[in-house]
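Content type PDB, C-alpha atoms, pLDDT in the B column, from the file run_37.pdb:
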```
ATOM      1  CA  MET A   1      30.759  29.297  -5.509  1.00 47.00           C
ATOM      2  CA  ARG A   2      28.002  26.858  -4.768  1.00 55.00           C
ATOM      3  CA  GLY A   3      26.559  24.981  -7.711  1.00 52.00           C
ATOM      4  CA  ARG A   4      22.988  24.899  -8.850  1.00 46.00           C
ATOM      5  CA  ALA A   5      20.684  21.925  -9.012  1.00 51.00           C
ATOM      6  CA  GLY A   6      20.146  20.640 -12.506  1.00 49.00           C
ATOM      7  CA  LEU A   7      17.821  18.882 -14.923  1.00 40.00           C
ATOM      8  CA  ALA A   8      18.829  15.340 -15.727  1.00 43.00           C
ATOM      9  CA  PRO A   9      18.425  14.301 -19.370  1.00 35.00           C
ATOM     10  CA  ALA A  10      15.822  11.815 -20.578  1.00 34.00           C
ATOM     11  CA  ALA A  11      13.779  11.970 -17.399  1.00 40.00           C
ATOM     12  CA  LEU A  12      11.686  14.383 -15.415  1.00 45.00           C
ATOM     13  CA  GLY A  13      13.980  16.852 -13.664  1.00 41.00           C
ATOM     14  CA  LEU A  14      13.784  20.001 -11.619  1.00 46.00           C
ATOM     15  CA  ALA A  15      15.765  23.054 -12.571  1.00 39.00           C
ATOM     16  CA  SER A  16      18.040  24.682 -10.041  1.00 38.00           C
ATOM     17  CA  VAL A  17      17.028  26.020  -7.952  1.00 37.00           C
ATOM     18  CA  GLY A  18      15.910  15.944   4.733  1.00 29.00           C
ATOM     19  CA  LEU A  19      13.094  12.259  11.341  1.00 25.00           C
ATOM     20  CA  ALA A  20      15.734  10.768  13.375  1.00 27.00           C
ATOM     21  CA  ALA A  21      17.432   7.400  12.676  1.00 29.00           C
ATOM     22  CA  LEU A  22      20.755   7.147  10.940  1.00 30.00           C
ATOM     23  CA  ALA A  23      23.535   4.758  11.821  1.00 32.00           C
ATOM     24  CA  LEU A  24      26.739   6.254  10.498  1.00 33.00           C
ATOM     25  CA  PRO A  25      29.493   5.438  12.978  1.00 32.00           C
ATOM     26  CA  PRO A  26      32.198   4.454  10.452  1.00 36.00           C
ATOM     27  CA  LEU A  27      31.372   7.381   8.185  1.00 36.00           C
ATOM     28  CA  LEU A  28      31.100  10.114  10.779  1.00 35.00           C
ATOM     29  CA  SER A  29      34.732   9.741  11.755  1.00 37.00           C
ATOM     30  CA  PRO A  30      37.193  11.106   9.193  1.00 38.00           C
ATOM     31  CA  GLN A  31      38.079   7.867   7.404  1.00 40.00           C
ATOM     32  CA  PRO A  32      38.378   7.030   3.719  1.00 40.00           C
ATOM     33  CA  LEU A  33      35.144   5.996   2.060  1.00 40.00           C
ATOM     34  CA  THR A  34      35.374   2.435   0.782  1.00 41.00           C
ATOM     35  CA  ARG A  35      32.758  -0.151  -0.061  1.00 40.00           C
ATOM     36  CA  SER A  36      33.633  -2.040   3.116  1.00 40.00           C
ATOM     37  CA  ALA A  37      33.275   1.153   5.174  1.00 40.00           C
ATOM     38  CA  ALA A  38      29.842   2.064   3.767  1.00 42.00           C
ATOM     39  CA  VAL A  39      27.137   1.393   6.314  1.00 48.00           C
ATOM     40  CA  ASP A  40      24.552  -1.200   5.344  1.00 44.00           C
ATOM     41  CA  ALA A  41      22.687  -1.042   8.627  1.00 50.00           C
ATOM     42  CA  GLY A  42      18.949  -1.320   8.123  1.00 54.00           C
ATOM     43  CA  GLN A  43      19.139  -2.738   4.608  1.00 65.00           C
ATOM     44  CA  GLU A  44      15.577  -3.897   5.035  1.00 79.00           C
ATOM     45  CA  ARG A  45      14.750  -0.234   4.561  1.00 85.00           C
ATOM     46  CA  CYS A  46      16.779  -0.168   1.347  1.00 93.00           C
ATOM     47  CA  PRO A  47      15.989  -3.265  -0.747  1.00 92.00           C
ATOM     48  CA  LEU A  48      17.685  -3.782  -4.091  1.00 92.00           C
ATOM     49  CA  ALA A  49      16.031  -2.236  -7.122  1.00 90.00           C
ATOM     50  CA  ARG A  50      15.072  -5.175  -9.323  1.00 85.00           C
ATOM     51  CA  SER A  51      13.997  -2.971 -12.193  1.00 85.00           C
ATOM     52  CA  GLN A  52      14.241   0.726 -12.970  1.00 86.00           C
ATOM     53  CA  SER A  53      12.819   2.722 -15.843  1.00 89.00           C
ATOM     54  CA  PRO A  54      12.746   6.517 -16.291  1.00 87.00           C
ATOM     55  CA  LEU A  55       9.507   8.263 -17.101  1.00 74.00           C
ATOM     56  CA  ALA A  56       9.112   8.669 -20.847  1.00 47.00           C
ATOM     57  CA  ALA A  57       8.246  12.367 -20.700  1.00 42.00           C
ATOM     58  CA  ALA A  58      10.583  15.114 -19.620  1.00 38.00           C
ATOM     59  CA  ALA A  59       9.211  18.286 -18.086  1.00 39.00           C
ATOM     60  CA  GLU A  60       9.937  21.124 -15.730  1.00 40.00           C
ATOM     61  CA  PRO A  61       7.606  22.680 -13.198  1.00 45.00           C
ATOM     62  CA  PRO A  62       6.083  25.958 -14.330  1.00 42.00           C
ATOM     63  CA  GLU A  63       8.063  29.071 -13.567  1.00 49.00           C
ATOM     64  CA  GLN A  64       5.039  30.925 -12.215  1.00 41.00           C
ATOM     65  CA  PRO A  65       2.981  30.794 -10.190  1.00 47.00           C
ATOM     66  CA  LEU A  66       4.556  28.790  -7.422  1.00 58.00           C
ATOM     67  CA  PRO A  67       2.091  26.261  -6.014  1.00 63.00           C
ATOM     68  CA  GLN A  68       1.997  27.395  -2.390  1.00 78.00           C
ATOM     69  CA  GLN A  69       1.688  30.617  -0.448  1.00 84.00           C
ATOM     70  CA  PRO A  70       4.401  31.904   1.887  1.00 86.00           C
ATOM     71  CA  ASP A  71       4.234  30.993   5.534  1.00 85.00           C
ATOM     72  CA  PRO A  72       2.388  33.913   7.199  1.00 82.00           C
ATOM     73  CA  ALA A  73       4.994  34.063   9.967  1.00 84.00           C
ATOM     74  CA  GLY A  74       7.901  33.926   7.539  1.00 85.00           C
ATOM     75  CA  ALA A  75       9.350  30.963   9.425  1.00 94.00           C
ATOM     76  CA  ASP A  76      10.242  29.029   6.286  1.00 95.00           C
ATOM     77  CA  TYR A  77      10.634  29.372   2.512  1.00 96.00           C
ATOM     78  CA  ARG A  78       8.051  26.826   1.358  1.00 95.00           C
ATOM     79  CA  HIS A  79       6.829  29.221  -1.300  1.00 93.00           C
ATOM     80  CA  ARG A  80      10.168  28.992  -3.093  1.00 94.00           C
ATOM     81  CA  LEU A  81      10.009  25.193  -3.553  1.00 94.00           C
ATOM     82  CA  ARG A  82       8.746  23.472  -6.683  1.00 90.00           C
ATOM     83  CA  PRO A  83       7.107  20.047  -6.986  1.00 90.00           C
ATOM     84  CA  THR A  84       7.117  17.885 -10.097  1.00 89.00           C
ATOM     85  CA  PRO A  85       3.896  17.245 -12.042  1.00 86.00           C
ATOM     86  CA  TYR A  86       3.874  13.872 -10.242  1.00 90.00           C
ATOM     87  CA  GLY A  87       4.035  15.366  -6.773  1.00 90.00           C
ATOM     88  CA  TRP A  88       6.695  16.314  -4.264  1.00 93.00           C
ATOM     89  CA  PRO A  89       9.947  14.335  -4.670  1.00 94.00           C
ATOM     90  CA  ARG A  90      10.285  13.531  -1.000  1.00 96.00           C
ATOM     91  CA  LEU A  91      10.528  10.280   0.997  1.00 96.00           C
ATOM     92  CA  HIS A  92       9.975   9.402   4.641  1.00 95.00           C
ATOM     93  CA  HIS A  93      13.257   7.475   4.583  1.00 96.00           C
ATOM     94  CA  TRP A  94      16.196   7.938   2.227  1.00 97.00           C
ATOM     95  CA  CYS A  95      18.878   5.476   1.144  1.00 97.00           C
ATOM     96  CA  LEU A  96      22.171   7.053   0.140  1.00 97.00           C
ATOM     97  CA  TRP A  97      25.355   5.771  -1.516  1.00 97.00           C
ATOM     98  CA  ILE A  98      28.679   7.638  -1.426  1.00 97.00           C
ATOM     99  CA  GLU A  99      31.442   7.031  -3.928  1.00 96.00           C
ATOM    100  CA  PRO A 100      34.306   5.135  -2.279  1.00 94.00           C
ATOM    101  CA  GLY A 101      37.696   6.819  -2.105  1.00 89.00           C
ATOM    102  CA  ALA A 102      41.296   5.706  -2.144  1.00 86.00           C
ATOM    103  CA  THR A 103      42.604   4.049   1.030  1.00 85.00           C
ATOM    104  CA  GLU A 104      46.298   4.300   0.189  1.00 86.00           C
ATOM    105  CA  GLY A 105      48.640   6.168  -2.084  1.00 89.00           C
ATOM    106  CA  PRO A 106      48.850   9.885  -2.914  1.00 87.00           C
ATOM    107  CA  ALA A 107      45.083  10.293  -3.433  1.00 87.00           C
ATOM    108  CA  ALA A 108      44.121   8.890  -0.035  1.00 90.00           C
ATOM    109  CA  ARG A 109      44.809  12.124   1.854  1.00 89.00           C
ATOM    110  CA  TRP A 110      42.551  14.193  -0.401  1.00 92.00           C
ATOM    111  CA  ASP A 111      39.831  11.568  -0.567  1.00 93.00           C
ATOM    112  CA  LEU A 112      39.921  11.427   3.222  1.00 93.00           C
ATOM    113  CA  ALA A 113      39.398  15.169   3.500  1.00 94.00           C
ATOM    114  CA  TRP A 114      36.515  15.063   1.020  1.00 95.00           C
ATOM    115  CA  ALA A 115      34.906  12.130   2.858  1.00 95.00           C
ATOM    116  CA  GLY A 116      35.149  13.842   6.219  1.00 95.00           C
ATOM    117  CA  ALA A 117      33.524  17.023   4.942  1.00 96.00           C
ATOM    118  CA  VAL A 118      30.694  15.211   3.143  1.00 97.00           C
ATOM    119  CA  THR A 119      29.869  12.950   6.071  1.00 97.00           C
ATOM    120  CA  THR A 120      29.867  15.909   8.461  1.00 97.00           C
ATOM    121  CA  ALA A 121      27.326  17.632   6.218  1.00 97.00           C
ATOM    122  CA  LEU A 122      25.303  14.429   6.055  1.00 97.00           C
ATOM    123  CA  ALA A 123      25.235  14.309   9.848  1.00 97.00           C
ATOM    124  CA  ARG A 124      23.439  17.669   9.855  1.00 97.00           C
ATOM    125  CA  TRP A 125      20.634  16.209   7.763  1.00 98.00           C
ATOM    126  CA  ARG A 126      20.678  13.142  10.008  1.00 96.00           C
ATOM    127  CA  GLU A 127      19.302  15.345  12.761  1.00 96.00           C
ATOM    128  CA  VAL A 128      16.041  15.951  10.882  1.00 97.00           C
ATOM    129  CA  LEU A 129      15.607  13.085   8.414  1.00 97.00           C
ATOM    130  CA  PRO A 130      15.820   9.266   8.560  1.00 96.00           C
ATOM    131  CA  LEU A 131      18.707   8.057   6.397  1.00 95.00           C
ATOM    132  CA  THR A 132      20.533   4.831   5.687  1.00 96.00           C
ATOM    133  CA  VAL A 133      23.944   4.775   4.012  1.00 96.00           C
ATOM    134  CA  VAL A 134      24.375   1.716   1.808  1.00 95.00           C
ATOM    135  CA  GLY A 135      27.295   0.103   0.014  1.00 94.00           C
ATOM    136  CA  ASP A 136      25.385  -0.810  -3.148  1.00 95.00           C
ATOM    137  CA  PRO A 137      24.118   2.000  -5.414  1.00 95.00           C
ATOM    138  CA  GLN A 138      21.221  -0.236  -6.477  1.00 94.00           C
ATOM    139  CA  ARG A 139      19.827   0.219  -2.972  1.00 95.00           C
ATOM    140  CA  ALA A 140      19.987   4.021  -3.027  1.00 96.00           C
ATOM    141  CA  GLN A 141      17.849   6.951  -4.152  1.00 96.00           C
ATOM    142  CA  VAL A 142      20.734   9.398  -3.701  1.00 97.00           C
ATOM    143  CA  LEU A 143      24.156   8.853  -5.275  1.00 97.00           C
ATOM    144  CA  VAL A 144      26.988  11.133  -4.116  1.00 98.00           C
ATOM    145  CA  TRP A 145      30.019  11.412  -6.412  1.00 97.00           C
ATOM    146  CA  ARG A 146      33.447  12.914  -5.778  1.00 96.00           C
ATOM    147  CA  ARG A 147      33.732  14.999  -8.937  1.00 93.00           C
ATOM    148  CA  ARG A 148      33.407  18.509 -10.212  1.00 90.00           C
ATOM    149  CA  PRO A 149      30.221  19.067 -12.209  1.00 87.00           C
ATOM    150  CA  PRO A 150      30.761  19.839 -15.903  1.00 81.00           C
ATOM    151  CA  LEU A 151      30.343  23.376 -17.138  1.00 77.00           C
ATOM    152  CA  ARG A 152      26.762  24.474 -17.681  1.00 76.00           C
ATOM    153  CA  GLY A 153      26.147  27.473 -19.902  1.00 76.00           C
ATOM    154  CA  GLY A 154      29.851  28.247 -19.699  1.00 72.00           C
ATOM    155  CA  ARG A 155      29.681  28.532 -15.907  1.00 78.00           C
ATOM    156  CA  ALA A 156      31.563  26.372 -13.417  1.00 70.00           C
ATOM    157  CA  SER A 157      30.228  25.165 -10.075  1.00 83.00           C
ATOM    158  CA  HIS A 158      31.522  23.125  -7.149  1.00 88.00           C
ATOM    159  CA  GLY A 159      28.323  21.154  -6.621  1.00 92.00           C
ATOM    160  CA  ARG A 160      25.224  20.071  -8.431  1.00 93.00           C
ATOM    161  CA  ALA A 161      22.170  17.889  -7.758  1.00 93.00           C
ATOM    162  CA  GLU A 162      20.223  16.362 -10.654  1.00 92.00           C
ATOM    163  CA  LEU A 163      16.829  14.723 -10.307  1.00 93.00           C
ATOM    164  CA  GLN A 164      15.255  11.877 -12.232  1.00 91.00           C
ATOM    165  CA  LEU A 165      11.947  10.187 -11.564  1.00 92.00           C
ATOM    166  CA  LEU A 166      12.135   6.414 -11.964  1.00 93.00           C
ATOM    167  CA  VAL A 167       9.550   3.654 -11.835  1.00 93.00           C
ATOM    168  CA  VAL A 168      11.290   1.207  -9.522  1.00 93.00           C
ATOM    169  CA  GLU A 169      10.479  -2.269  -8.243  1.00 92.00           C
ATOM    170  CA  ARG A 170      11.821  -2.966  -4.771  1.00 88.00           C
ATOM    171  CA  GLY A 171      10.824  -5.875  -2.572  1.00 81.00           C
ATOM    172  CA  GLY A 172       8.091  -6.861  -5.007  1.00 85.00           C
ATOM    173  CA  GLU A 173       6.479  -3.414  -4.952  1.00 86.00           C
ATOM    174  CA  ARG A 174       6.421  -0.976  -7.855  1.00 90.00           C
ATOM    175  CA  ALA A 175       6.541   2.753  -7.154  1.00 91.00           C
ATOM    176  CA  LEU A 176       7.679   6.093  -8.505  1.00 93.00           C
ATOM    177  CA  GLU A 177      10.897   7.192  -6.824  1.00 94.00           C
ATOM    178  CA  PRO A 178      13.237  10.172  -6.987  1.00 94.00           C
ATOM    179  CA  ARG A 179      16.777   9.342  -8.093  1.00 93.00           C
ATOM    180  CA  VAL A 180      19.233  12.143  -7.366  1.00 94.00           C
ATOM    181  CA  THR A 181      22.821  12.337  -8.552  1.00 94.00           C
ATOM    182  CA  VAL A 182      24.920  14.684  -6.417  1.00 96.00           C
ATOM    183  CA  SER A 183      28.348  15.852  -7.609  1.00 96.00           C
ATOM    184  CA  ILE A 184      30.640  17.445  -5.026  1.00 96.00           C
ATOM    185  CA  SER A 185      33.966  18.832  -6.209  1.00 95.00           C
ATOM    186  CA  PRO A 186      37.020  17.787  -4.161  1.00 93.00           C
ATOM    187  CA  GLY A 187      38.889  20.921  -5.268  1.00 86.00           C
ATOM    188  CA  GLN A 188      37.798  23.092  -2.334  1.00 90.00           C
ATOM    189  CA  ARG A 189      38.770  23.784   1.261  1.00 92.00           C
ATOM    190  CA  PRO A 190      37.175  21.258   3.661  1.00 94.00           C
ATOM    191  CA  GLU A 191      34.770  23.854   5.075  1.00 95.00           C
ATOM    192  CA  ALA A 192      33.681  24.798   1.546  1.00 94.00           C
ATOM    193  CA  ILE A 193      33.169  21.122   0.622  1.00 96.00           C
ATOM    194  CA  GLU A 194      31.054  20.744   3.761  1.00 97.00           C
ATOM    195  CA  ALA A 195      28.897  23.775   2.903  1.00 97.00           C
ATOM    196  CA  THR A 196      28.505  22.638  -0.708  1.00 96.00           C
ATOM    197  CA  ALA A 197      27.522  19.132   0.377  1.00 97.00           C
ATOM    198  CA  LEU A 198      25.025  20.494   2.922  1.00 98.00           C
ATOM    199  CA  HIS A 199      23.360  22.574   0.209  1.00 97.00           C
ATOM    200  CA  GLU A 200      23.282  19.935  -2.525  1.00 97.00           C
ATOM    201  CA  LEU A 201      22.055  17.227  -0.153  1.00 98.00           C
ATOM    202  CA  GLY A 202      19.190  19.561   0.711  1.00 98.00           C
ATOM    203  CA  HIS A 203      18.154  19.485  -2.934  1.00 96.00           C
ATOM    204  CA  ALA A 204      18.564  15.709  -2.964  1.00 96.00           C
ATOM    205  CA  PHE A 205      16.207  15.357   0.001  1.00 97.00           C
ATOM    206  CA  GLY A 206      13.474  17.326  -1.758  1.00 96.00           C
ATOM    207  CA  LEU A 207      14.232  21.020  -1.245  1.00 96.00           C
ATOM    208  CA  TRP A 208      14.132  21.924  -4.944  1.00 94.00           C
ATOM    209  CA  GLY A 209      14.305  25.640  -4.539  1.00 93.00           C
ATOM    210  CA  HIS A 210      16.438  28.279  -2.875  1.00 94.00           C
ATOM    211  CA  SER A 211      16.095  30.512   0.152  1.00 95.00           C
ATOM    212  CA  ASP A 212      16.623  34.235  -0.260  1.00 92.00           C
ATOM    213  CA  ASP A 213      18.435  34.459   3.111  1.00 95.00           C
ATOM    214  CA  ALA A 214      22.216  33.960   3.044  1.00 95.00           C
ATOM    215  CA  ALA A 215      22.062  32.531   6.593  1.00 95.00           C
ATOM    216  CA  ASP A 216      20.187  29.449   5.325  1.00 97.00           C
ATOM    217  CA  ALA A 217      21.992  26.376   4.019  1.00 97.00           C
ATOM    218  CA  MET A 218      19.740  26.481   0.956  1.00 97.00           C
ATOM    219  CA  ALA A 219      20.458  30.113   0.106  1.00 96.00           C
ATOM    220  CA  ALA A 220      20.601  30.927  -3.580  1.00 91.00           C
ATOM    221  CA  VAL A 221      23.577  33.237  -3.007  1.00 86.00           C
ATOM    222  CA  PRO A 222      25.896  32.171  -0.184  1.00 82.00           C
ATOM    223  CA  GLY A 223      27.412  34.761   2.125  1.00 81.00           C
ATOM    224  CA  ALA A 224      31.058  35.382   2.876  1.00 85.00           C
ATOM    225  CA  THR A 225      31.128  32.627   5.533  1.00 90.00           C
ATOM    226  CA  PRO A 226      30.228  29.079   4.439  1.00 92.00           C
ATOM    227  CA  VAL A 227      26.998  27.847   6.048  1.00 96.00           C
ATOM    228  CA  ARG A 228      27.794  24.491   7.638  1.00 96.00           C
ATOM    229  CA  SER A 229      24.656  23.845   9.704  1.00 97.00           C
ATOM    230  CA  LEU A 230      20.927  23.955   9.121  1.00 98.00           C
ATOM    231  CA  SER A 231      19.147  27.137  10.097  1.00 97.00           C
ATOM    232  CA  PRO A 232      15.736  27.157  11.829  1.00 97.00           C
ATOM    233  CA  ARG A 233      14.215  28.131   8.461  1.00 97.00           C
ATOM    234  CA  ASP A 234      15.887  25.175   6.719  1.00 98.00           C
ATOM    235  CA  ARG A 235      14.475  22.840   9.358  1.00 98.00           C
ATOM    236  CA  ALA A 236      11.002  24.383   9.225  1.00 97.00           C
ATOM    237  CA  THR A 237      10.903  24.178   5.434  1.00 97.00           C
ATOM    238  CA  LEU A 238      11.902  20.514   5.466  1.00 98.00           C
ATOM    239  CA  ASN A 239       9.279  19.820   8.133  1.00 97.00           C
ATOM    240  CA  TRP A 240       6.640  21.421   5.917  1.00 97.00           C
ATOM    241  CA  LEU A 241       7.806  19.416   2.896  1.00 97.00           C
ATOM    242  CA  GLN A 242       7.645  16.115   4.756  1.00 97.00           C
ATOM    243  CA  GLN A 243       3.946  16.710   5.368  1.00 95.00           C
ATOM    244  CA  GLN A 244       3.126  17.116   1.668  1.00 94.00           C
ATOM    245  CA  PRO A 245       1.895  14.304  -0.627  1.00 92.00           C
ATOM    246  CA  GLY A 246       4.707  12.299  -2.174  1.00 94.00           C
ATOM    247  CA  LEU A 247       5.142  11.085  -5.740  1.00 93.00           C
ATOM    248  CA  GLN A 248       2.318   9.304  -7.524  1.00 90.00           C
ATOM    249  CA  LEU A 249       2.540   7.332 -10.759  1.00 83.00           C
ATOM    250  CA  GLN A 250      -0.302   9.397 -12.217  1.00 75.00           C
ATOM    251  CA  PRO A 251       0.300  13.156 -12.451  1.00 61.00           C
TER     252      PRO A 251
END
```
What does the file become when written as structure tokens?
Amino acid sequence: MRGRAGLAPAALGLASVGLAALALPPLLSPQPLTRSAAVDAGQERCPLARSQSPLAAAAEPPEQPLPQQPDPAGADYRHRLRPTPYGWPRLHHWCLWIEPGATEGPAARWDLAWAGAVTTALARWREVLPLTVVGDPQRAQVLVWRRRPPLRGGRASHGRAELQLLVVERGGERALEPRVTVSISPGQRPEAIEATALHELGHAFGLWGHSDDAADAMAAVPGATPVRSLSPRDRATLNWLQQQPGLQLQP
């Protein structure tokens, strides 16, 4: 069962409910994730965060009404997305860090399988969103962890994305950024890990909401067959999101 996105403590979070340059050669082949294998290409796009501070207030977007009307043609699910009071948590370019895995010993085989599934899912988002994979988490807005999310309300899940809004200084510039922690459980079949990662990365890249169509990667209720590629509606919704105003320090 796919997990739900979550509200991170002590910072602004979103309740449950991604255009074309990514260099991922070492990660797109099924190899263990290590710090040396993480791709630091284009680090000028991902400068180190010299300072980070969460917003003092915590809030959730209102349950109703949703801030935008449905697409008249029904080509996307924009009306099911929620912004924060500070704007849409989207970026033109994302920097992403993936937890390294074991390279030898009994755990290496399972970490390898997890890495292959996650990087395959990431490649799907690569098709529609500029991304850089980095080896230092201080350069990233998205952190992907190989772990099962803790129980929430007594319910288990295989994946979860949690959003914080941070005031960050990078390259001498101060701005409000999304910081998303993504947990992907390794205790699944590779195709299920891939589908879970595809869904949770969609949240991470700003799709804080769910589709009502099981054929979409961002469906609230997945169908019998894991969705391992982006549907036309997923792509259209992301395209709409990328045209919306981003985060601003003043709500």
For the contact check between segment 106-168 of chain A and segment 209-225 of chain A, emit one row per residue of segment 106-168 of chain A within 12 Å, containing the shortest atom pair and the distance in Å rounded to one decimal, counting only C-alpha atoms, chain then rising number order, as a Markdown table.
```
| residue | atom | partner | partner_atom | distance |
| --- | --- | --- | --- | --- |
| A:Ala121 | CA | A:Ala217 | CA | 10.5 |
| A:Arg124 | CA | A:Ala217 | CA | 10.6 |
| A:Trp125 | CA | A:Ala217 | CA | 10.9 |
| A:Ala161 | CA | A:Gly209 | CA | 11.5 |
```
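The spacing separating atom CA of Trp208 of chain A from atom CA of Ala113 of chain A amounts to 27.5 Å.
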Tell me which residues the PyMOL selection byres ((chain A and resi 177) around 10) grabs here, as a compact mmCIF listing (two decimals) with C-alpha atoms, keeping the file's coordinate frame.
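The result, stored in part-v6.txt:
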```txt
# COMPACT_ATOMS: atom_id res chain seq x y z
CA GLN A 52 14.24 0.73 -12.97
CA PRO A 54 12.75 6.52 -16.29
CA PRO A 89 9.95 14.34 -4.67
CA ARG A 90 10.28 13.53 -1.00
CA LEU A 91 10.53 10.28 1.00
CA GLN A 141 17.85 6.95 -4.15
CA GLN A 164 15.26 11.88 -12.23
CA LEU A 165 11.95 10.19 -11.56
CA LEU A 166 12.14 6.41 -11.96
CA VAL A 167 9.55 3.65 -11.84
CA VAL A 168 11.29 1.21 -9.52
CA GLU A 169 10.48 -2.27 -8.24
CA ARG A 174 6.42 -0.98 -7.86
CA ALA A 175 6.54 2.75 -7.15
CA LEU A 176 7.68 6.09 -8.51
CA PRO A 178 13.24 10.17 -6.99
CA ARG A 179 16.78 9.34 -8.09
CA VAL A 180 19.23 12.14 -7.37
CA GLY A 246 4.71 12.30 -2.17
CA LEU A 247 5.14 11.08 -5.74
CA GLN A 248 2.32 9.30 -7.52
CA LEU A 249 2.54 7.33 -10.76
```
- Apply the PyMOL selection byres ((chain A and resi 96) around 9) to the displayed file and report the matching residues as a PyMOL selection string. chain A and resi 94-95+97-98+131-135+137+139-144
Convert the current residue selection to file output with C-alpha atoms, as a PDB file, in the coordinates of the input.
```pdb
ATOM      1  CA  TRP A  94      16.196   7.938   2.227  1.00 97.00           C
ATOM      2  CA  CYS A  95      18.878   5.476   1.144  1.00 97.00           C
ATOM      3  CA  TRP A  97      25.355   5.771  -1.516  1.00 97.00           C
ATOM      4  CA  ILE A  98      28.679   7.638  -1.426  1.00 97.00           C
ATOM      5  CA  LEU A 131      18.707   8.057   6.397  1.00 95.00           C
ATOM      6  CA  THR A 132      20.533   4.831   5.687  1.00 96.00           C
ATOM      7  CA  VAL A 133      23.944   4.775   4.012  1.00 96.00           C
ATOM      8  CA  VAL A 134      24.375   1.716   1.808  1.00 95.00           C
ATOM      9  CA  GLY A 135      27.295   0.103   0.014  1.00 94.00           C
ATOM     10  CA  PRO A 137      24.118   2.000  -5.414  1.00 95.00           C
ATOM     11  CA  ARG A 139      19.827   0.219  -2.972  1.00 95.00           C
ATOM     12  CA  ALA A 140      19.987   4.021  -3.027  1.00 96.00           C
ATOM     13  CA  GLN A 141      17.849   6.951  -4.152  1.00 96.00           C
ATOM     14  CA  VAL A 142      20.734   9.398  -3.701  1.00 97.00           C
ATOM     15  CA  LEU A 143      24.156   8.853  -5.275  1.00 97.00           C
ATOM     16  CA  VAL A 144      26.988  11.133  -4.116  1.00 98.00           C
TER      17      VAL A 144
END
```
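The coordinates place atom CA of Pro226 of chain A at 28.2 Å from atom CA of His92 of chain A.
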- Message: For Tyr77 of chain A, find every residue with an atom within 7 Å (counting all atoms listed in the file), except residues of its own chain fewer than 3 positions away, and show them as an MDAnalysis selection string.
- Response: chainID A and resid 70 80 211 237
